[in-house]
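The structure file query11.csv is reproduced below (CSV, C-alpha atoms and all ligand atoms).
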```
chain,number,residue,atom,x,y,z
A,7,MET,CA,-17.4,20.8,9.7
A,8,ASN,CA,-19.6,21.8,6.7
A,9,CYS,CA,-19.7,20.1,3.4
A,10,ILE,CA,-17.5,22.0,0.9
A,11,HIS,CA,-20.1,21.6,-1.8
A,12,CYS,CA,-23.6,22.2,-0.3
A,13,GLY,CA,-22.6,23.9,3.0
A,14,ARG,CA,-24.6,21.5,5.1
A,15,ARG,CA,-23.3,20.2,8.3
A,16,ALA,CA,-21.5,16.9,7.7
A,17,ASP,CA,-19.5,15.8,10.7
A,18,TYR,CA,-19.6,12.1,10.3
A,19,HIS,CA,-18.9,11.3,6.7
A,20,ARG,CA,-15.7,12.3,5.1
A,21,ALA,CA,-13.2,15.1,5.6
A,22,VAL,CA,-11.5,17.0,2.9
A,23,HIS,CA,-7.9,16.9,3.8
A,24,GLU,CA,-5.4,19.0,1.9
A,25,VAL,CA,-2.3,16.9,1.3
A,26,ALA,CA,0.1,19.8,0.9
A,27,THR,CA,-0.8,21.5,4.2
A,28,GLY,CA,-2.1,18.6,6.2
A,29,LEU,CA,-5.2,20.6,7.1
A,30,ASP,CA,-8.8,19.5,7.1
A,31,LEU,CA,-10.5,22.1,5.0
A,32,GLY,CA,-14.0,20.9,5.4
A,33,ALA,CA,-16.3,17.9,5.0
A,34,LEU,CA,-17.8,16.0,2.1
A,35,CYS,CA,-21.4,14.8,2.8
A,36,ALA,CA,-22.6,11.5,1.5
A,37,ARG,CA,-24.9,13.0,-1.1
A,38,CYS,CA,-22.2,15.3,-2.7
A,39,GLU,CA,-19.8,12.4,-2.6
A,40,ARG,CA,-22.2,10.2,-4.6
A,41,GLU,CA,-23.2,13.0,-7.0
A,42,ARG,CA,-19.7,14.1,-7.7
A,43,LEU,CA,-17.5,11.1,-7.3
A,44,GLY,CA,-19.8,8.1,-7.4
A,45,GLU,CA,-18.9,5.3,-5.0
A,46,LEU,CA,-15.5,5.7,-3.7
A,47,PRO,CA,-13.5,2.5,-3.5
A,48,GLU,CA,-13.4,0.7,-0.2
A,49,GLY,CA,-10.2,-0.7,1.1
A,50,PRO,CA,-6.8,-0.2,-0.5
A,51,ALA,CA,-7.0,2.7,-3.0
A,52,ARG,CA,-5.6,1.8,-6.3
A,53,SER,CA,-3.8,5.0,-6.2
A,54,GLY,CA,-1.5,5.7,-3.3
A,55,ARG,CA,-1.4,9.5,-3.6
A,56,THR,CA,-3.0,9.9,-7.0
A,57,CYS,CA,-6.5,10.9,-8.0
A,58,ILE,CA,-8.9,8.0,-8.0
A,59,GLU,CA,-10.6,9.5,-11.0
A,60,CYS,CA,-7.9,10.5,-13.4
A,61,GLY,CA,-4.6,9.1,-11.9
A,62,GLY,CA,-3.2,12.6,-11.7
A,63,ASN,CA,-1.5,14.2,-8.8
A,64,ALA,CA,-3.8,14.1,-5.7
A,65,ASP,CA,-4.3,17.4,-3.9
A,66,TYR,CA,-6.8,16.1,-1.4
A,67,ALA,CA,-7.4,13.0,0.7
A,68,LEU,CA,-10.9,12.1,1.7
A,69,PRO,CA,-10.6,10.1,4.9
A,70,GLU,CA,-13.8,8.6,6.3
A,71,HIS,CA,-15.0,9.3,9.8
A,72,SER,CA,-14.0,6.5,12.0
A,73,MET,CA,-14.2,5.6,15.6
A,74,VAL,CA,-11.6,3.4,17.2
A,75,PHE,CA,-12.3,1.7,20.5
A,76,ASP,CA,-9.3,1.0,22.7
A,77,ASP,CA,-9.7,-2.5,24.2
A,78,ARG,CA,-7.0,-2.1,26.8
A,79,ASP,CA,-9.2,-0.3,29.3
A,80,GLY,CA,-12.4,-2.2,28.6
A,81,GLY,CA,-13.4,-0.1,25.6
A,82,GLU,CA,-14.0,3.0,27.6
A,83,ARG,CA,-11.7,5.1,25.6
A,84,ARG,CA,-12.4,5.8,22.0
A,85,THR,CA,-10.7,7.9,19.5
A,86,GLU,CA,-12.7,9.4,16.7
A,87,GLY,CA,-11.8,11.5,13.7
A,88,PHE,CA,-10.5,11.4,10.3
A,89,PHE,CA,-7.4,9.4,9.7
A,90,VAL,CA,-5.5,9.6,6.5
A,91,THR,CA,-3.9,6.3,5.7
A,92,ASP,CA,-2.5,4.6,2.6
A,93,ASP,CA,-6.0,3.3,1.9
A,94,THR,CA,-7.6,6.7,1.9
A,95,PRO,CA,-9.0,7.7,-1.5
A,96,CYS,CA,-7.4,10.8,-2.9
A,97,VAL,CA,-8.6,13.2,-5.6
A,98,CYS,CA,-7.2,16.1,-7.5
A,99,TRP,CA,-8.6,19.6,-7.4
A,100,ARG,CA,-10.5,19.2,-10.6
A,101,HIS,CA,-12.3,16.1,-9.4
A,102,LEU,CA,-13.0,17.4,-6.0
A,103,THR,CA,-14.6,20.6,-7.2
A,104,GLY,CA,-15.8,19.5,-10.6
A,105,THR,CA,-14.1,22.5,-12.2
A,106,ALA,CA,-10.9,22.9,-14.1
A,107,ASP,CA,-10.7,26.5,-12.8
A,108,THR,CA,-7.7,26.7,-10.5
A,109,ARG,CA,-7.8,30.4,-9.9
A,110,GLU,CA,-9.6,30.0,-6.6
A,111,ARG,CA,-7.5,27.0,-5.6
A,112,THR,CA,-6.9,28.2,-2.1
A,113,THR,CA,-10.5,28.8,-1.3
A,114,LEU,CA,-13.0,26.0,-1.3
A,115,PRO,CA,-16.7,27.1,-1.4
A,116,PHE,CA,-17.6,26.2,2.1
A,117,THR,CA,-15.0,25.9,4.8
A,118,ASP,CA,-15.0,26.6,8.5
A,119,SER,CA,-12.1,28.9,8.5
A,201,ZN,ZN,-22.8,18.2,0.5
A,202,ZN,ZN,-8.5,13.8,-10.9
```
Would you write the structure of this file as structure tokens?
Amino acid sequence: MNCIHCGRRADYHRAVHEVATGLDLGALCARCERERLGELPEGPARSGRTCIECGGNADYALPEHSMVFDDRDGGERRTEGFFVTDDTPCVCWRHLTGTADTRERTTLPFTDS
């Protein structure tokens, strides 16, 4: 997946997961995350499903890339991907994109589709 802001390939940082549709729209690279959102909180989000920046309704979840090893077969099997949990930080459209313009809401700048 490519970063929705800078368009660079960013497969192993965060995905941008649209809450309404359950689709992963793209990725968010570490640099753009820092520049636009600062450090995202680790562990339990204070929010649930609200924007970590403004407390408004969250449109997007930003799950971190994670790799889970399954011990039952000696750690051979692993599952990796982006898993949205209750601890996943969420943001609204405005804080994800840095714009209040909602006209282009359905199209993020860089997505794979
Ligand atoms: Zn980026
Ligand atoms: Zn917000």
Distance atom CA of A:Gly104-atom CA of A:Glu86, one decimal place?
-> 29.3 Å
Protein and nucleic residues near ligand ZN 202 (chain A), 6 Å, only C-alpha atoms and all ligand atoms, as a list in words = Cys57, Glu59, Cys60, Gly62, Val97, Cys98, Arg100 and His101 of chain A
Give the residue list for ligand ZN 201 (chain A) at 10 Å, counting only C-alpha atoms and all ligand atoms, as an mmCIF file with C-alpha atoms, in the coordinates of the input, sorted by chain and then by residue number.
```cif
data_model
loop_
_atom_site.group_PDB
_atom_site.id
_atom_site.type_symbol
_atom_site.label_atom_id
_atom_site.label_comp_id
_atom_site.auth_asym_id
_atom_site.auth_seq_id
_atom_site.Cartn_x
_atom_site.Cartn_y
_atom_site.Cartn_z
ATOM 1 C CA ASN A 8 -19.600 21.800 6.700
ATOM 2 C CA CYS A 9 -19.700 20.100 3.400
ATOM 3 C CA ILE A 10 -17.500 22.000 0.900
ATOM 4 C CA HIS A 11 -20.100 21.600 -1.800
ATOM 5 C CA CYS A 12 -23.600 22.200 -0.300
ATOM 6 C CA GLY A 13 -22.600 23.900 3.000
ATOM 7 C CA ARG A 14 -24.600 21.500 5.100
ATOM 8 C CA ARG A 15 -23.300 20.200 8.300
ATOM 9 C CA ALA A 16 -21.500 16.900 7.700
ATOM 10 C CA ALA A 33 -16.300 17.900 5.000
ATOM 11 C CA LEU A 34 -17.800 16.000 2.100
ATOM 12 C CA CYS A 35 -21.400 14.800 2.800
ATOM 13 C CA ALA A 36 -22.600 11.500 1.500
ATOM 14 C CA ARG A 37 -24.900 13.000 -1.100
ATOM 15 C CA CYS A 38 -22.200 15.300 -2.700
ATOM 16 C CA GLU A 39 -19.800 12.400 -2.600
ATOM 17 C CA ARG A 40 -22.200 10.200 -4.600
ATOM 18 C CA GLU A 41 -23.200 13.000 -7.000
ATOM 19 C CA ARG A 42 -19.700 14.100 -7.700
ATOM 20 C CA PHE A 116 -17.600 26.200 2.100
#
```
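All protein, DNA and RNA residues at most 7 Å from (-13.3, 11.2, -3.0) are Glu39, Leu43, Leu46, Leu68, Pro95, Cys96, Val97 and Leu102 of chain A, using all atoms listed in the file.
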Can you tell me how far atom CA of A:Arg20 sits from atom CA of A:Ile58, in Å to one decimal?
-> 15.4 Å
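Between atom CA of A:Thr91 and atom CA of A:Ala67 the interatomic distance comes to 9.1 Å.
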Proximity check stretch 9-29 of chain A to stretch 69-75 of chain A, 7 Å, nearest pairs one decimal Å, all atoms listed in the file, as a tab-separated table:
```
residue	atom	partner	partner_atom	distance
A:Tyr18	CA	A:His71	CA	5.4
A:His19	CA	A:His71	CA	5.4
A:Arg20	CA	A:Glu70	CA	4.3
A:Ala21	CA	A:Pro69	CA	5.7
```
Would you put the residues from that selection into a file with C-alpha atoms, as a PDB file, in the coordinates of the input?
```pdb
ATOM      1  CA  TYR A  18     -19.600  12.100  10.300  1.00  0.00           C
ATOM      2  CA  HIS A  19     -18.900  11.300   6.700  1.00  0.00           C
ATOM      3  CA  ARG A  20     -15.700  12.300   5.100  1.00  0.00           C
ATOM      4  CA  ALA A  21     -13.200  15.100   5.600  1.00  0.00           C
TER       5      ALA A  21
END
```
Pick from A:Glu82, A:Asp92, A:Asp17, A:Asp76, whichever lies nearest to A:Asp30 using all atoms listed in the file | A:Asp17
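Among A:Glu45, A:Asp79, A:Leu29, A:Glu24, the residue with the shortest atom-to-atom distance to A:Trp99, counting only C-alpha atoms, is A:Glu24.
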Pick out the closest residue to A:His23 from this set: A:Phe88, A:Arg83, A:Asp93, A:Asn63. Count only C-alpha atoms.
-> A:Phe88
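Between A:Ala26 and the candidates A:Thr85, A:Gly44, A:Tyr66, A:Thr56, the tightest atom-to-atom separation, counting only C-alpha atoms, involves A:Tyr66.
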